[in-house]
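For reference, start.txt (compact mmCIF, C-alpha atoms):
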# COMPACT_ATOMS: atom_id res chain seq x y z
CA MET A 273 90.06 110.95 104.07
CA LEU A 274 92.69 112.75 106.10
CA SER A 275 95.33 110.07 106.01
CA ALA A 276 97.74 110.68 103.18
CA GLY A 277 99.74 107.46 103.05
CA PRO A 278 100.19 104.01 104.48
CA THR A 279 99.24 103.66 108.14
CA PRO A 280 102.42 103.60 110.26
CA HIS A 281 102.68 100.54 112.50
CA THR A 282 104.83 101.53 115.45
CA SER A 283 105.41 98.82 118.04
CA LEU A 284 104.70 99.70 121.65
CA ALA A 285 108.29 98.80 122.53
CA ALA A 286 109.61 101.35 120.04
CA TRP A 287 107.08 104.05 120.91
CA ASP A 288 108.02 106.99 123.09
CA PHE A 289 106.66 110.46 123.52
CA ALA A 290 108.39 113.84 123.83
CA LEU A 291 107.64 117.44 124.69
CA ARG A 292 110.24 119.73 123.16
CA GLY A 293 110.76 123.31 124.24
CA PRO A 294 111.68 126.10 121.84
CA ASN A 295 115.33 126.09 122.90
CA ALA A 296 115.97 122.36 122.68
CA PRO A 297 115.25 120.95 126.15
CA VAL A 298 113.24 117.75 125.82
CA ALA A 299 111.11 115.71 128.19
CA ARG A 300 110.75 112.14 126.96
CA TRP A 301 108.65 109.23 128.21
CA THR A 302 108.95 105.58 127.28
CA ARG A 303 105.68 103.70 126.84
CA ASP A 304 105.84 102.42 130.43
CA GLU A 305 106.66 105.85 131.84
CA PHE A 306 103.81 107.37 129.83
CA GLN A 307 101.35 104.75 131.06
CA ALA A 308 102.36 105.57 134.65
CA LEU A 309 101.19 109.20 134.23
CA PRO A 310 97.70 110.03 135.51
CA HIS A 311 95.14 109.24 132.77
CA GLU A 312 91.71 110.84 132.31
CA THR A 313 88.58 109.51 130.62
CA VAL A 314 86.72 112.10 128.58
CA THR A 315 83.45 112.01 126.63
CA VAL A 316 83.44 114.49 123.76
CA ASP A 317 81.90 115.27 120.36
CA ILE A 318 84.26 115.25 117.38
CA HIS A 319 83.92 116.96 114.00
CA CYS A 320 85.59 115.87 110.78
CA VAL A 321 86.34 118.37 108.03
CA THR A 322 84.71 115.94 105.57
CA LYS A 323 81.34 116.86 107.07
CA TRP A 324 80.59 114.23 109.69
CA SER A 325 80.35 114.61 113.45
CA LYS A 326 80.34 111.87 116.04
CA PHE A 327 78.79 112.52 119.43
CA ASP A 328 79.68 111.27 122.91
CA THR A 329 82.89 109.51 121.95
CA VAL A 330 84.85 108.14 124.92
CA TRP A 331 88.62 108.49 125.07
CA GLU A 332 91.31 107.81 127.62
CA GLY A 333 94.64 109.60 127.74
CA VAL A 334 96.92 112.06 129.47
CA SER A 335 95.97 115.71 129.40
CA VAL A 336 98.50 118.10 127.89
CA ASP A 337 98.26 120.09 131.15
CA THR A 338 99.60 117.06 133.03
CA LEU A 339 102.40 116.58 130.49
CA LEU A 340 103.39 120.24 130.83
CA VAL A 341 103.65 119.97 134.62
CA GLU A 342 105.83 116.87 134.28
CA ALA A 343 107.94 118.43 131.53
CA ALA A 344 108.66 121.55 133.58
CA ALA A 345 110.92 119.38 135.75
CA HIS A 346 113.05 118.76 132.64
CA GLY A 347 113.29 122.47 131.88
CA VAL A 348 110.71 122.36 129.08
CA LYS A 349 108.76 125.59 129.02
CA PRO A 350 105.78 126.10 126.74
CA ALA A 351 105.72 128.70 123.98
CA PRO A 352 102.77 130.39 122.23
CA TYR A 353 102.45 127.77 119.45
CA VAL A 354 102.65 123.99 119.22
CA LEU A 355 103.55 121.70 116.35
CA ALA A 356 102.26 118.14 116.76
CA VAL A 357 104.74 115.75 115.10
CA SER A 358 103.70 112.21 114.11
CA ASP A 359 105.12 109.01 112.67
CA GLY A 360 104.92 109.09 108.90
CA GLY A 361 106.04 112.72 108.81
CA TYR A 362 102.71 114.41 109.55
CA THR A 363 102.60 117.67 111.46
CA THR A 364 99.81 120.00 112.50
CA ASN A 365 100.04 123.36 114.23
CA LEU A 366 97.91 124.77 117.06
CA PRO A 367 98.01 127.73 119.42
CA LEU A 368 99.15 126.82 122.94
CA ALA A 369 95.85 128.14 124.31
CA ASP A 370 94.00 125.41 122.37
CA VAL A 371 95.89 122.52 123.97
CA THR A 372 95.95 123.76 127.58
CA GLY A 373 93.26 124.38 130.19
CA GLY A 374 91.64 120.95 129.89
CA LYS A 375 91.15 121.20 126.12
CA ALA A 376 93.53 118.55 124.78
CA TRP A 377 94.81 115.06 125.55
CA VAL A 378 97.29 112.54 124.24
CA ALA A 379 94.80 109.70 123.84
CA VAL A 380 95.73 106.02 123.98
CA LYS A 381 92.27 104.43 124.16
CA PHE A 382 89.01 104.84 122.26
CA ASP A 383 85.80 103.24 123.54
CA GLY A 384 87.76 101.39 126.20
CA ALA A 385 90.17 99.67 123.80
CA SER A 386 93.75 100.51 122.85
CA LEU A 387 93.86 102.71 119.75
CA ALA A 388 94.33 100.62 116.61
CA PRO A 389 96.96 101.86 114.14
CA GLU A 390 94.28 102.90 111.59
CA HIS A 391 92.72 105.09 114.28
CA GLY A 392 96.03 106.70 115.17
CA GLY A 393 97.50 104.25 117.69
CA PRO A 394 99.57 103.86 119.76
CA ALA A 395 98.63 107.47 120.62
CA ARG A 396 96.94 110.42 119.01
CA LEU A 397 96.33 114.00 119.95
CA LEU A 398 92.72 114.73 120.93
CA VAL A 399 91.57 118.33 120.50
CA PRO A 400 87.81 117.91 120.19
CA HIS A 401 86.91 121.59 119.82
CA LEU A 402 88.82 121.86 116.51
CA TYR A 403 88.35 119.96 113.23
CA PHE A 404 89.60 116.44 113.66
CA TRP A 405 92.68 116.69 111.41
CA LYS A 406 94.14 118.77 114.26
CA SER A 407 93.83 115.65 116.45
CA ALA A 408 96.97 114.20 114.89
CA LYS A 409 97.19 110.42 114.56
CA TRP A 410 100.39 108.48 115.41
CA LEU A 411 101.62 111.29 117.67
CA ARG A 412 105.22 111.24 118.91
CA GLU A 413 106.04 114.78 119.91
CA LEU A 414 104.63 118.18 120.82
CA ARG A 415 107.11 120.86 119.81
CA PHE A 416 106.67 124.34 121.29
CA MET A 417 107.42 127.26 119.01
CA GLU A 418 107.75 131.00 119.52
CA ARG A 419 106.19 131.61 116.09
CA ASP A 420 103.35 129.86 114.29
CA ALA A 421 104.30 127.62 111.36
CA ALA A 422 101.95 125.66 109.10
CA GLY A 423 101.86 121.88 109.51
CA PHE A 424 101.38 119.25 106.81
CA TRP A 425 97.68 119.68 106.04
CA GLU A 426 97.76 123.41 106.69
CA SER A 427 100.53 123.91 104.12
CA LEU A 428 98.41 121.92 101.62
CA GLY A 429 95.41 124.19 101.77
CA TYR A 430 93.58 123.36 104.98
CA HIS A 431 92.69 126.15 107.38
CA ASN A 432 95.37 127.26 109.82
CA TYR A 433 93.05 127.14 112.86
CA GLY A 434 90.13 124.83 111.95
CA ASP A 435 87.18 125.92 114.09
CA PRO A 436 84.22 123.65 113.16
CA TRP A 437 81.67 126.17 114.46
CA ARG A 438 82.96 128.74 111.98
CA GLU A 439 83.43 126.03 109.32
CA GLN A 440 87.08 126.91 108.87
CA ARG A 441 87.88 124.11 106.45
CA TYR A 442 90.21 125.55 103.85
CA ALA A 443 92.82 128.29 103.81
CA GLY A 444 91.04 131.60 103.29
CA ASP A 445 87.76 130.55 104.94
CA PRO A 446 86.84 133.39 107.31
CA MET B 118 107.20 114.19 103.07
CA SER B 119 109.41 116.45 105.13
CA LEU B 120 109.10 117.44 108.72
CA ALA B 121 110.02 121.00 107.91
CA SER B 122 107.08 123.28 108.48
CA VAL B 123 106.43 126.25 106.28
CA PRO B 124 105.65 129.79 107.37
CA ILE B 125 102.02 130.88 107.46
CA ALA B 126 100.99 132.66 104.29
CA PRO B 127 100.06 136.25 105.10
CA ARG B 128 96.48 135.81 103.89
CA ALA B 129 95.33 132.97 101.70
CA SER B 130 92.59 133.83 99.26
CA ALA B 131 89.33 132.06 99.96
CA ILE B 132 88.13 129.15 97.82
CA THR B 133 84.88 130.70 96.73
CA TRP B 134 81.55 129.10 95.87
CA ARG B 135 80.68 129.24 92.17
CA PHE B 136 77.69 128.25 90.11
CA ALA B 137 78.31 125.48 87.59
CA THR B 138 75.95 124.63 84.74
CA VAL B 139 75.48 121.03 83.63
CA ALA B 140 76.49 120.88 79.95
CA LYS B 141 76.40 117.13 79.39
CA VAL B 142 75.59 113.96 81.31
CA VAL B 143 77.03 110.49 80.61
CA MET B 144 75.93 107.27 82.32
CA GLU B 145 79.03 105.31 83.36
CA THR B 146 77.41 102.37 85.18
CA PRO B 147 73.86 101.59 86.35
CA THR B 148 74.55 103.68 89.48
CA ALA B 149 77.10 106.29 88.41
CA ARG B 150 77.17 109.14 85.97
CA THR B 151 79.53 111.85 84.86
CA LEU B 152 78.46 115.49 84.96
CA PHE B 153 80.31 117.73 82.53
CA LEU B 154 80.17 121.26 83.90
CA ASP B 155 80.73 124.78 82.67
CA VAL B 156 82.12 126.75 85.59
CA PRO B 157 82.61 130.47 84.88
CA GLY B 158 85.77 131.69 86.62
CA TRP B 159 87.10 128.19 87.30
CA PRO B 160 90.79 128.68 88.21
CA GLY B 161 91.98 125.30 86.86
CA HIS B 162 93.02 122.22 88.82
CA ARG B 163 95.68 119.53 89.19
CA ALA B 164 94.96 115.85 88.51
CA GLY B 165 93.82 114.22 91.76
CA GLN B 166 92.10 117.22 93.36
CA HIS B 167 88.44 117.40 94.39
CA VAL B 168 85.60 119.89 94.76
CA ASP B 169 82.96 120.41 97.41
CA VAL B 170 79.40 120.42 96.09
CA ARG B 171 76.66 122.22 98.04
CA LEU B 172 72.91 121.67 97.68
CA THR B 173 70.41 124.05 99.24
CA ALA B 174 66.83 122.94 99.92
CA GLU B 175 63.87 125.30 99.65
CA ASP B 176 63.81 125.66 103.43
CA GLY B 177 67.47 126.71 103.41
CA TYR B 178 68.90 123.39 104.63
CA GLN B 179 72.31 122.81 103.07
CA ALA B 180 74.25 119.61 102.47
CA GLU B 181 77.85 119.47 101.25
CA ARG B 182 79.94 116.58 99.93
CA SER B 183 83.35 116.21 98.34
CA TYR B 184 83.71 114.73 94.84
CA SER B 185 86.91 113.96 92.99
CA ILE B 186 87.50 115.65 89.65
CA ALA B 187 87.54 113.18 86.75
CA SER B 188 88.68 115.51 83.98
CA ALA B 189 92.27 116.36 83.08
CA PRO B 190 93.47 119.91 83.68
CA GLU B 191 93.69 120.17 79.88
CA ASP B 192 90.01 119.31 79.30
CA ALA B 193 87.57 122.02 78.26
CA ARG B 194 84.97 121.12 80.89
CA LEU B 195 85.17 120.14 84.52
CA ALA B 196 83.90 116.56 84.94
CA LEU B 197 82.70 114.86 88.13
CA THR B 198 81.74 111.20 88.20
CA VAL B 199 79.30 110.54 91.02
CA GLU B 200 78.19 107.17 92.32
CA ARG B 201 74.74 106.99 93.89
CA ILE B 202 74.68 106.15 97.58
CA ASP B 203 71.10 105.01 98.10
CA ASP B 204 70.48 106.77 101.40
CA GLY B 205 72.84 109.66 100.57
CA GLU B 206 71.82 113.29 101.01
CA VAL B 207 73.58 114.59 97.92
CA SER B 208 74.53 111.85 95.44
CA PRO B 209 70.99 110.70 94.45
CA TYR B 210 70.22 114.27 93.39
CA LEU B 211 73.39 114.41 91.28
CA THR B 212 72.87 110.98 89.68
CA ASP B 213 69.08 110.94 89.21
CA VAL B 214 67.61 114.43 89.30
CA LEU B 215 70.04 116.98 87.86
CA ARG B 216 69.51 117.66 84.12
CA VAL B 217 71.46 119.40 81.37
CA GLY B 218 71.06 123.14 81.87
CA ASP B 219 70.58 122.88 85.65
CA ARG B 220 72.93 124.71 87.99
CA LEU B 221 74.71 123.55 91.12
CA GLU B 222 77.07 125.21 93.58
CA LEU B 223 80.63 124.04 94.01
CA ARG B 224 83.99 125.26 95.23
CA GLY B 225 87.53 124.12 94.59
CA PRO B 226 89.91 122.86 93.55
CA ILE B 227 90.77 121.36 96.95
CA GLY B 228 93.67 119.18 98.07
CA GLY B 229 97.36 119.66 97.50
CA TYR B 230 98.81 116.24 98.30
CA PHE B 231 97.00 113.52 96.35
CA VAL B 232 98.00 115.14 93.05
CA TRP B 233 100.13 114.05 90.12
CA ASP B 234 101.51 116.68 87.76
CA ASN B 235 104.84 115.63 86.44
CA VAL B 236 104.46 113.10 83.66
CA LEU B 237 108.24 112.67 83.49
CA SER B 238 108.69 111.91 87.19
CA GLY B 239 108.97 108.11 86.94
CA SER B 240 106.80 105.01 86.81
CA LEU B 241 103.23 105.58 87.89
CA LEU B 242 101.27 102.88 89.71
CA LEU B 243 97.56 103.51 90.27
CA VAL B 244 95.39 101.26 92.44
CA ALA B 245 91.64 101.88 92.55
CA GLY B 246 88.65 100.33 94.26
CA GLY B 247 85.17 101.17 92.94
CA SER B 248 84.59 104.89 92.44
CA GLY B 249 88.14 105.47 93.72
CA ILE B 250 89.06 105.32 90.04
CA VAL B 251 87.84 108.91 89.53
CA PRO B 252 90.91 110.96 90.63
CA LEU B 253 93.19 108.31 89.09
CA MET B 254 91.34 108.70 85.78
CA ALA B 255 92.11 112.42 85.93
CA MET B 256 95.79 111.43 86.20
CA LEU B 257 95.60 109.04 83.22
CA ARG B 258 93.77 111.67 81.16
CA HIS B 259 96.38 114.26 82.16
CA ARG B 260 99.13 111.80 81.25
CA ALA B 261 97.59 111.16 77.83
CA ALA B 262 97.18 114.87 77.15
CA ALA B 263 100.71 115.72 78.29
CA LEU B 264 102.36 112.83 76.43
CA ALA B 265 100.60 113.81 73.23
CA THR B 266 102.93 116.80 73.20
CA ALA B 267 106.06 115.15 74.66
CA ASP B 268 108.63 113.39 72.49
CA MET B 269 108.74 109.62 72.22
CA ARG B 270 111.85 109.25 74.34
CA ALA B 271 110.10 110.91 77.25
CA ARG B 272 107.12 108.64 76.69
CA HIS B 273 109.22 105.54 77.23
CA ARG B 274 110.53 106.83 80.53
CA VAL B 275 107.10 107.09 82.12
CA PRO B 276 105.27 103.77 82.09
CA ALA B 277 101.96 103.64 83.96
CA ARG B 278 99.95 100.75 85.36
CA LEU B 279 96.42 100.73 86.75
CA LEU B 280 95.00 97.97 88.93
CA TYR B 281 91.26 98.47 89.26
CA SER B 282 88.97 96.45 91.52
CA SER B 283 85.20 96.36 90.88
CA ARG B 284 82.44 94.05 91.93
CA ARG B 285 81.25 93.32 88.38
CA TRP B 286 82.24 94.30 84.86
CA GLU B 287 79.14 96.54 84.62
CA ASP B 288 80.32 98.42 87.74
CA ALA B 289 83.69 99.43 86.31
CA PHE B 290 83.83 103.11 85.23
CA TYR B 291 85.38 104.32 81.96
CA ARG B 292 85.79 100.83 80.45
CA ASP B 293 85.78 101.94 76.81
CA GLU B 294 88.03 104.90 77.39
CA LEU B 295 90.54 102.80 79.34
CA ALA B 296 90.63 100.33 76.44
CA ARG B 297 91.25 103.19 74.00
CA LEU B 298 94.01 104.66 76.17
CA VAL B 299 95.77 101.28 76.40
CA GLN B 300 95.54 100.82 72.66
CA ALA B 301 97.00 104.24 71.96
CA ASP B 302 99.79 104.05 74.51
CA GLY B 303 102.26 101.16 74.65
CA ALA B 304 103.55 102.30 78.04
CA LEU B 305 100.15 101.99 79.76
CA GLU B 306 98.83 98.73 81.20
CA VAL B 307 95.44 98.23 82.86
CA ALA B 308 94.51 95.20 84.98
CA PHE B 309 90.98 94.64 86.27
CA THR B 310 89.93 92.43 89.11
CA PHE B 311 86.30 91.48 89.79
CA THR B 312 85.31 90.53 93.31
CA ARG B 313 81.78 89.26 92.63
CA GLU B 314 80.88 88.49 89.03
CA PRO B 315 83.63 88.49 86.43
CA PRO B 316 82.43 88.75 82.83
CA GLU B 317 81.78 85.59 80.83
CA GLY B 318 85.05 83.87 79.92
CA TRP B 319 87.17 86.15 82.13
CA THR B 320 90.64 84.75 82.72
CA GLY B 321 92.06 87.61 84.77
CA PHE B 322 91.97 88.35 88.50
CA ARG B 323 88.78 87.50 90.36
CA ARG B 324 89.46 88.36 93.99
CA ARG B 325 90.13 91.32 96.25
CA ILE B 326 93.45 93.01 95.72
CA ASP B 327 96.07 91.25 97.83
CA ARG B 328 99.81 91.18 98.28
CA MET B 329 100.36 88.54 95.62
CA MET B 330 98.34 90.48 93.06
CA LEU B 331 100.29 93.65 93.83
CA ALA B 332 103.59 91.77 93.53
CA GLU B 333 102.46 90.62 90.09
CA VAL B 334 101.17 93.96 88.83
CA ALA B 335 103.51 96.48 90.46
CA TRP B 336 107.10 97.19 89.52
CA PRO B 337 109.70 96.03 92.03
CA PRO B 338 110.26 98.54 94.85
CA SER B 339 113.76 99.20 93.47
CA GLU B 340 112.14 100.97 90.52
CA ARG B 341 110.60 103.44 93.01
CA PRO B 342 107.23 103.90 91.29
CA ARG B 343 105.01 106.79 92.36
CA VAL B 344 101.93 105.09 93.82
CA PHE B 345 98.41 106.48 94.21
CA VAL B 346 95.76 104.38 95.97
CA CYS B 347 92.12 105.48 96.16
CA GLY B 348 89.01 103.64 97.29
CA PRO B 349 87.04 102.57 100.34
CA THR B 350 89.05 102.68 103.57
CA PRO B 351 89.47 98.89 104.02
CA LEU B 352 90.82 98.50 100.46
CA VAL B 353 93.22 101.42 100.85
CA GLU B 354 94.45 100.17 104.22
CA ALA B 355 95.07 96.68 102.83
CA VAL B 356 96.75 97.86 99.62
CA ALA B 357 99.00 100.44 101.30
CA ALA B 358 100.06 97.96 103.99
CA ALA B 359 100.81 95.28 101.37
CA LEU B 360 102.87 97.71 99.28
CA VAL B 361 104.96 98.72 102.31
CA ASP B 362 105.32 95.04 103.17
CA LEU B 363 106.60 94.35 99.64
CA GLY B 364 109.28 96.98 100.22
CA HIS B 365 107.83 100.13 98.64
CA ASP B 366 108.89 103.38 100.29
CA PRO B 367 105.91 104.69 102.34
CA ALA B 368 106.85 108.21 101.26
CA LEU B 369 106.06 107.28 97.63
CA VAL B 370 102.63 105.80 98.44
CA LYS B 371 99.91 108.44 98.48
CA THR B 372 96.44 107.44 99.56
CA GLU B 373 92.93 108.79 99.55
CA ARG B 374 90.40 106.92 101.66
CA PHE B 375 86.68 107.39 101.51
CA GLY B 376 83.71 105.93 103.23
CA PRO B 377 80.13 106.83 103.97
CA THR B 378 79.69 110.02 105.95
CA GLY B 379 79.89 109.23 109.66
CA GLY B 380 82.83 106.85 109.42
CA SER B 381 84.85 106.00 112.47
CA PRO B 382 87.53 108.39 113.71
Please re-express this file's structure in structure tokens.
Amino acid sequence: MLSAGPTPHTSLAAWDFALRGPNAPVARWTRDEFQALPHETVTVDIHCVTKWSKFDTVWEGVSVDTLLVEAAAHGVKPAPYVLAVSDGGYTTNLPLADVTGGKAWVAVKFDGASLAPEHGGPARLLVPHLYFWKSAKWLRELRFMERDAAGFWESLGYHNYGDPWREQRYAGDP
Amino acid sequence: MSLASVPIAPRASAITWRFATVAKVVMETPTARTLFLDVPGWPGHRAGQHVDVRLTAEDGYQAERSYSIASAPEDARLALTVERIDDGEVSPYLTDVLRVGDRLELRGPIGGYFVWDNVLSGSLLLVAGGSGIVPLMAMLRHRAAALATADMRARHRVPARLLYSSRRWEDAFYRDELARLVQADGALEVAFTFTREPPEGWTGFRRRIDRMMLAEVAWPPSERPRVFVCGPTPLVEAVAAALVDLGHDPALVKTERFGPTGGSP
């Protein structure tokens, strides 16, 4: 349900990934450079805002903690909020604390296979402790921001934070 | 769609649960029916939005599902058309058990993207699979209501086309009403395709929607039609990809995918 348009098909050759600091410094990886970063395999439960959960899903990707360490060498410093920016124009916003400390990954594999475009490939954000629209498909950039700003779904009525345990589905849910 | 993000609203008001009373029930197909609801305090909706319906069992167990709104914003009653999913937790109650006078809990309207308001905004192409017709029907009903008050010149600027895929003729929703709308409105065209059993003597499409069918039914990409696609995920994926392949601007193609609860990530 939470895909609003045609699935973007980005070729691996054209794909790259960036971390952008609040004052413009950027760390950028080509596909090959990204694949050379240390990857982790994680088994997590995921929760969709349209009422389903899926247990013990297996993903492989690079943790945002790892990316931050690498990006520091390029002068990219984190800020209190993050905007995930994807192909197709999608964005979603998260607090920094929800993507650091072993809580979030840039995933490139699901169940041992490369992520198909309809599942968010080449890479998607994986933030299993929040509703799954926060795990942005077709991810290209994490942009650090000093102030919070609503992303695509959040500006269209979805909850700004999206905690499944508090059922924060829509704007105004407690 | 723009990359610009918008500031957080200071405090959005909650979408509250309300009790709706069933005022009328209409069978649409052997497995789907429309519930016409009176909803005190209903704030109004935009064509394409949905509601969440919540059922509570005697032991307190709750189940919630989303259903698209079938009625136009102009209609007196909120209408939901629900298709029965045989092993579903919610739909069999809505299609088989609920009676006129019964109450159910819902909240909405929900969704701010898959909506169509502006009847003068250009050609409208709707592509539906199965019960994916429901939010698109709200758009056609809204269009009919709005054009009834617009002048004829405006009417000619906003042609609309619907391509609707069903398994069989008996499975297609709103058949009579679609025929009436087409008859009353020279700028509306409706094409059916039947993937299993076309009606006797059918000379139209009899296959899944494909690129060639879309090339035949849709306007050329240069006309920049506004496109809404709704149906099961595989149909929506195929249709949206084919439209982009034909040259339609992805930013003008809005999609709503649905599948059984528990679909893949």
Which is closer to Cys320 of chain A than all the others in A:Leu397, A:Ala385, A:Ala356, A:Leu402, using all atoms listed in the file? A:Leu402
Which residue is closest to Glu306 of chain B? Choose from B:Leu241, B:Leu352, B:Ala265, B:Ala368 and count only C-alpha atoms.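 Nearest to Glu306 of chain B: B:Leu241.
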With all atoms listed in the file counted and 6 Å as the cut-off, give the residues of chain A in contact with chain B, each with its shortest interatomic distance in Å and the pair that gives it, as a tab-separated table.
residue	atom	partner	partner_atom	distance
A:Met273	CA	B:Arg374	CA	4.7
A:Ala276	CA	B:Thr372	CA	5.0
A:Gly277	CA	B:Lys371	CA	4.7
A:Pro278	CA	B:Ala357	CA	4.9
A:Trp324	CA	B:Gly379	CA	5.0
A:Gly361	CA	B:Leu120	CA	5.6
A:Ala421	CA	B:Pro124	CA	4.7
A:Ala422	CA	B:Val123	CA	5.3
A:Gly423	CA	B:Ser122	CA	5.5
A:Leu428	CA	B:Gly229	CA	4.8
A:Ala443	CA	B:Ala129	CA	5.7
A:Gly444	CA	B:Ala131	CA	3.8
A:Asp445	CA	B:Ala131	CA	5.4
Can you find the residues with an atom no farther than 8 Å from (93.7, 120.5, 114.4), counting only C-alpha atoms, and report them as a list in words?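 Looking at atoms near the point gives Thr364, Asn365, Leu366, Val399, Leu402, Tyr403, Phe404, Trp405, Lys406, Ser407, Ala408, Tyr433 and Gly434 of chain A.
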Counting all atoms listed in the file, which residue out of B:Glu206, B:Asp288, B:Arg224, B:His167 sits closest to Ala137 of chain B?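 Among the listed residues, B:Arg224 lies closest to Ala137 of chain B.
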Shell around Ser188 of chain B at 10 Å using all atoms listed in the file, local window under 2 positions removed, as a list in words: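 Near neighbours after the sequence-gap exclusion: Thr151, Phe153, His162, Arg163, Ala164, Gly165, Ser185, Ile186, Pro190, Glu191, Asp192, Ala193, Arg194, Leu195, Ala196, Leu197, Thr198, Val251, Pro252, Leu253, Met254, Ala255, Met256, Leu257, Arg258 and His259 of chain B.
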Excluding Gly293 of chain A and its own-chain neighbours fewer than 6 positions away, which residues fall within 10 Å of it when counting all atoms listed in the file? Please give them as a tab-separated table (two decimals) with C-alpha atoms, in the frame of the given file.
chain	number	residue	atom	x	y	z
A	299	ALA	CA	111.11	115.71	128.19
A	343	ALA	CA	107.94	118.43	131.53
A	344	ALA	CA	108.66	121.55	133.58
A	346	HIS	CA	113.05	118.76	132.64
A	347	GLY	CA	113.29	122.47	131.88
A	348	VAL	CA	110.71	122.36	129.08
A	349	LYS	CA	108.76	125.59	129.02
A	350	PRO	CA	105.78	126.10	126.74
A	351	ALA	CA	105.72	128.70	123.98
A	354	VAL	CA	102.65	123.99	119.22
A	414	LEU	CA	104.63	118.18	120.82
A	415	ARG	CA	107.11	120.86	119.81
A	416	PHE	CA	106.67	124.34	121.29
A	417	MET	CA	107.42	127.26	119.01
A	418	GLU	CA	107.75	131.00	119.52
Write out as a list in words the residues lying within 10 Å of Asp304 of chain A, counting all atoms listed in the file and excluding same-chain residues fewer than 4 positions away. Leu284, Ala285, Trp287, Asp288, Ala308 and Leu309 of chain A
What gap, in Å, lies between atom CA of Glu439 of chain A and atom CA of Val170 of chain B?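 For atom CA of Glu439 of chain A relative to atom CA of Val170 of chain B, the distance reads 14.9 Å.
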Of the candidates A:Leu411, A:Val316, A:Val336, A:Ala290, which one gets nearest to Ala369 of chain A if we count all atoms listed in the file?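 The shortest atom-to-atom distance to Ala369 of chain A comes from A:Val336.
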Report, in Å to a single decimal, how far apart atom CA of Trp134 of chain B and atom CA of Gly249 of chain B are.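 Computed distance, atom CA of Gly249 of chain B to atom CA of Trp134 of chain B, equals 24.6 Å.
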Using Å and a single decimal, report how far atom CA of Phe309 of chain B sits from atom CA of Pro276 of chain B. 17.5 Å
With a distance cut-off of 7 Å and only C-alpha atoms, select the neighbouring residues of Ala395 of chain A, excluding the residue or stretch itself and same-chain residues fewer than 5 positions from it, and output the selection as a list in words.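 Listing them by chain and then by number gives Val378, Ala379, Val380, Leu387, Lys409, Trp410 and Leu411 of chain A.
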